[in-house]
Amino acid sequence: MCVLEWANPTDMERASKLIRRLGMAGDAISAEEVACAAWPEAVGKKIATHTRAARLVRSRLVVEVEDHIWQRQLFALTPFVLHNLEKNLGPGLVNDLEFRIVPRRREPQRAGQAIPALMADEAENISDPVLRSIYRASRKKALA
């Protein structure tokens with residue numbers, strides 16, 4: 001079990017913000033949950049959108065990154081990130097970072113949204129009925 005020592009009241013405020021952000025009901029919050037919740041605070045919004053703290057193994061925080069470029073850049077920033085984590089969590093909880101490449105999942109394209117657009121007839125936007133029929137006839141001839 002990890003015991004956190006708080007140096008000053010601002011550390012307690014940071015911890016309470018992290019715990020509130022977890023949105024968990026109950027008394028027990030694991031060190032892993034606290035460390036993962038602290039990740040966005042330690043790296044900032046921009047980096048947090050491209051990464052995700054996955055789990056805490058002993059004192060090593062495993063972070064999922066999009067690609068090898070993010071992996072290399074974050075590896076270079078490791079000392080700064082560890083310093084920020086220590087500032088937010090206190091010493092001893094996270095002593096090392098591991099960056100694993102896990103590509104983002106793409107959301108499936110939904111055919112239901114594309115089909116109505118294909119079925120709409122642009123000729124309906126022509127207000128003159130004679131011009132509309134001429135347009136349809138010429139379009140039919142061009143597609144034949």
# chains A, B, ... in the order shown; residues from 1 in each chain; ligands from 1
>>> residues_around(residues="segment 43-58 of chain A", least_positions_apart="6", cutoff="9 Å", atoms="only C-alpha atoms", output="PyMOL selection string")
chain A and resi 31-33+35-37+64-66+70+74+80-81+84-85+93-94+104
>>> select_by_dssp(residues="segment 35-126 of chain A", states="strand (DSSP E or B)", output="count of residues only")
19
>>> atom_distance(atom1="atom CA of Phe99 of chain A", atom2="atom CA of Gln71 of chain A")
5.8 Å
>>> closest_residue(among="A:Thr78, A:Asn88, A:Gln73, A:Ser59", to="Ala42 of chain A", atoms="only C-alpha atoms")
A:Asn88
>>> atom_distance(atom1="atom CA of Val102 of chain A", atom2="atom CA of His83 of chain A")
24.7 Å
>>> atom_distance(atom1="atom CA of Ala38 of chain A", atom2="atom CA of Leu97 of chain A")
13.2 Å
>>> select_by_dssp(residues="segment 38-118 of chain A", states="helix (DSSP H, G or I)", output="PyMOL selection string")
chain A and resi 38-43+45-48+68-76+78-89+111-118
>>> write_last_selection(atoms="N, CA, C and O atoms", output="short mmCIF file (atom, residue, chain, number, x, y, z; two decimals), in the first residue's frame")
data_model
loop_
_atom_site.label_atom_id
_atom_site.label_comp_id
_atom_site.auth_asym_id
_atom_site.auth_seq_id
_atom_site.Cartn_x
_atom_site.Cartn_y
_atom_site.Cartn_z
N ALA A 38 -3.82 11.93 -12.44
CA ALA A 38 -2.87 13.03 -12.39
C ALA A 38 -2.17 13.26 -13.73
O ALA A 38 -1.57 14.32 -13.94
N TRP A 39 -2.23 12.30 -14.62
CA TRP A 39 -1.51 12.39 -15.89
C TRP A 39 -1.86 13.65 -16.69
O TRP A 39 -0.96 14.39 -17.09
N PRO A 40 -3.13 13.95 -16.95
CA PRO A 40 -3.44 15.16 -17.73
C PRO A 40 -2.94 16.44 -17.08
O PRO A 40 -2.53 17.37 -17.77
N GLU A 41 -2.96 16.50 -15.77
CA GLU A 41 -2.45 17.67 -15.06
C GLU A 41 -0.95 17.80 -15.24
O GLU A 41 -0.43 18.90 -15.34
N ALA A 42 -0.25 16.68 -15.27
CA ALA A 42 1.21 16.70 -15.35
C ALA A 42 1.71 17.07 -16.74
O ALA A 42 2.79 17.66 -16.87
N VAL A 43 0.95 16.72 -17.78
CA VAL A 43 1.44 16.94 -19.15
C VAL A 43 0.71 18.05 -19.89
O VAL A 43 1.20 18.52 -20.91
N LYS A 45 -3.14 19.77 -21.55
CA LYS A 45 -4.24 19.33 -22.40
C LYS A 45 -3.77 18.79 -23.75
O LYS A 45 -4.26 17.78 -24.23
N LYS A 46 -2.83 19.48 -24.38
CA LYS A 46 -2.38 19.11 -25.73
C LYS A 46 -1.82 17.69 -25.75
O LYS A 46 -2.19 16.86 -26.58
N ILE A 47 -0.92 17.40 -24.84
CA ILE A 47 -0.31 16.07 -24.78
C ILE A 47 -1.33 15.04 -24.30
O ILE A 47 -1.38 13.92 -24.81
N ALA A 48 -2.18 15.42 -23.38
CA ALA A 48 -3.17 14.48 -22.84
C ALA A 48 -4.15 14.01 -23.90
O ALA A 48 -4.66 12.89 -23.81
N HIS A 68 5.14 6.31 -32.75
CA HIS A 68 6.53 6.36 -32.27
C HIS A 68 7.05 7.78 -32.12
O HIS A 68 7.96 8.04 -31.34
N ILE A 69 6.47 8.73 -32.85
CA ILE A 69 6.90 10.12 -32.71
C ILE A 69 6.54 10.64 -31.33
O ILE A 69 7.37 11.25 -30.64
N TRP A 70 5.31 10.39 -30.90
CA TRP A 70 4.91 10.80 -29.56
C TRP A 70 5.74 10.06 -28.52
O TRP A 70 6.12 10.63 -27.49
N GLN A 71 6.02 8.80 -28.78
CA GLN A 71 6.82 8.01 -27.84
C GLN A 71 8.20 8.64 -27.64
O GLN A 71 8.66 8.81 -26.51
N ARG A 72 8.86 9.00 -28.74
CA ARG A 72 10.20 9.60 -28.64
C ARG A 72 10.16 10.96 -27.96
O ARG A 72 11.02 11.27 -27.12
N GLN A 73 9.19 11.79 -28.34
CA GLN A 73 9.10 13.13 -27.75
C GLN A 73 8.84 13.07 -26.25
O GLN A 73 9.46 13.80 -25.47
N LEU A 74 7.94 12.19 -25.85
CA LEU A 74 7.65 12.08 -24.42
C LEU A 74 8.79 11.45 -23.64
O LEU A 74 9.02 11.79 -22.48
N PHE A 75 9.51 10.53 -24.27
CA PHE A 75 10.67 9.95 -23.60
C PHE A 75 11.68 11.05 -23.27
O PHE A 75 12.28 11.06 -22.19
N ALA A 76 11.84 12.00 -24.21
CA ALA A 76 12.76 13.11 -23.96
C ALA A 76 12.26 14.02 -22.84
O ALA A 76 13.05 14.66 -22.15
N THR A 78 10.60 12.99 -20.17
CA THR A 78 10.37 12.19 -18.97
C THR A 78 10.76 12.89 -17.67
O THR A 78 9.97 12.91 -16.72
N PRO A 79 11.95 13.49 -17.56
CA PRO A 79 12.30 14.14 -16.29
C PRO A 79 11.32 15.26 -15.89
O PRO A 79 10.98 15.40 -14.72
N PHE A 80 10.87 16.02 -16.87
CA PHE A 80 9.94 17.11 -16.58
C PHE A 80 8.57 16.57 -16.15
O PHE A 80 7.96 17.09 -15.22
N VAL A 81 8.11 15.53 -16.83
CA VAL A 81 6.82 14.94 -16.49
C VAL A 81 6.87 14.31 -15.10
O VAL A 81 5.95 14.46 -14.30
N LEU A 82 7.96 13.60 -14.81
CA LEU A 82 8.12 13.01 -13.47
C LEU A 82 8.12 14.08 -12.39
O LEU A 82 7.54 13.89 -11.32
N HIS A 83 8.77 15.19 -12.68
CA HIS A 83 8.79 16.30 -11.72
C HIS A 83 7.37 16.83 -11.48
O HIS A 83 6.96 17.07 -10.34
N ASN A 84 6.59 16.98 -12.56
CA ASN A 84 5.21 17.46 -12.42
C ASN A 84 4.34 16.46 -11.67
O ASN A 84 3.50 16.84 -10.86
N LEU A 85 4.54 15.17 -11.95
CA LEU A 85 3.78 14.15 -11.22
C LEU A 85 4.14 14.16 -9.73
O LEU A 85 3.26 14.04 -8.87
N GLU A 86 5.41 14.31 -9.44
CA GLU A 86 5.83 14.36 -8.03
C GLU A 86 5.24 15.59 -7.34
O GLU A 86 4.84 15.53 -6.18
N LYS A 87 5.19 16.69 -8.07
CA LYS A 87 4.62 17.92 -7.52
C LYS A 87 3.13 17.73 -7.22
O LYS A 87 2.63 18.22 -6.20
N ASN A 88 2.42 17.00 -8.09
CA ASN A 88 0.98 16.79 -7.90
C ASN A 88 0.65 15.67 -6.92
O ASN A 88 -0.34 15.74 -6.21
N LEU A 89 1.46 14.61 -6.92
CA LEU A 89 1.13 13.41 -6.14
C LEU A 89 1.97 13.23 -4.89
O LEU A 89 1.61 12.46 -4.02
N ALA A 111 -22.97 4.35 -42.68
CA ALA A 111 -23.59 4.43 -43.99
C ALA A 111 -24.93 5.14 -43.92
O ALA A 111 -25.36 5.76 -44.89
N GLY A 112 -25.60 5.07 -42.81
CA GLY A 112 -26.91 5.71 -42.67
C GLY A 112 -26.86 7.21 -42.88
O GLY A 112 -27.82 7.82 -43.32
N GLN A 113 -25.74 7.83 -42.61
CA GLN A 113 -25.63 9.27 -42.79
C GLN A 113 -25.31 9.62 -44.24
O GLN A 113 -25.69 10.67 -44.71
N ALA A 114 -24.63 8.75 -44.96
CA ALA A 114 -24.23 9.05 -46.33
C ALA A 114 -25.35 8.79 -47.33
O ALA A 114 -25.45 9.46 -48.34
N ILE A 115 -26.21 7.83 -47.08
CA ILE A 115 -27.23 7.43 -48.05
C ILE A 115 -28.25 8.55 -48.31
O ILE A 115 -28.54 8.83 -49.45
N PRO A 116 -28.79 9.23 -47.30
CA PRO A 116 -29.75 10.29 -47.62
C PRO A 116 -29.15 11.38 -48.49
O PRO A 116 -29.84 11.94 -49.34
N ALA A 117 -27.89 11.68 -48.34
CA ALA A 117 -27.26 12.71 -49.16
C ALA A 117 -27.19 12.25 -50.61
O ALA A 117 -27.31 13.05 -51.53
N LEU A 118 -26.97 10.96 -50.85
CA LEU A 118 -26.90 10.45 -52.21
C LEU A 118 -28.28 10.45 -52.86
O LEU A 118 -28.40 10.64 -54.07
#
>>> residues_around(residues="Glu122 of chain A", least_positions_apart="5", cutoff="10 Å", atoms="only C-alpha atoms", output="number ranges by chain")
A: 132, 135-136
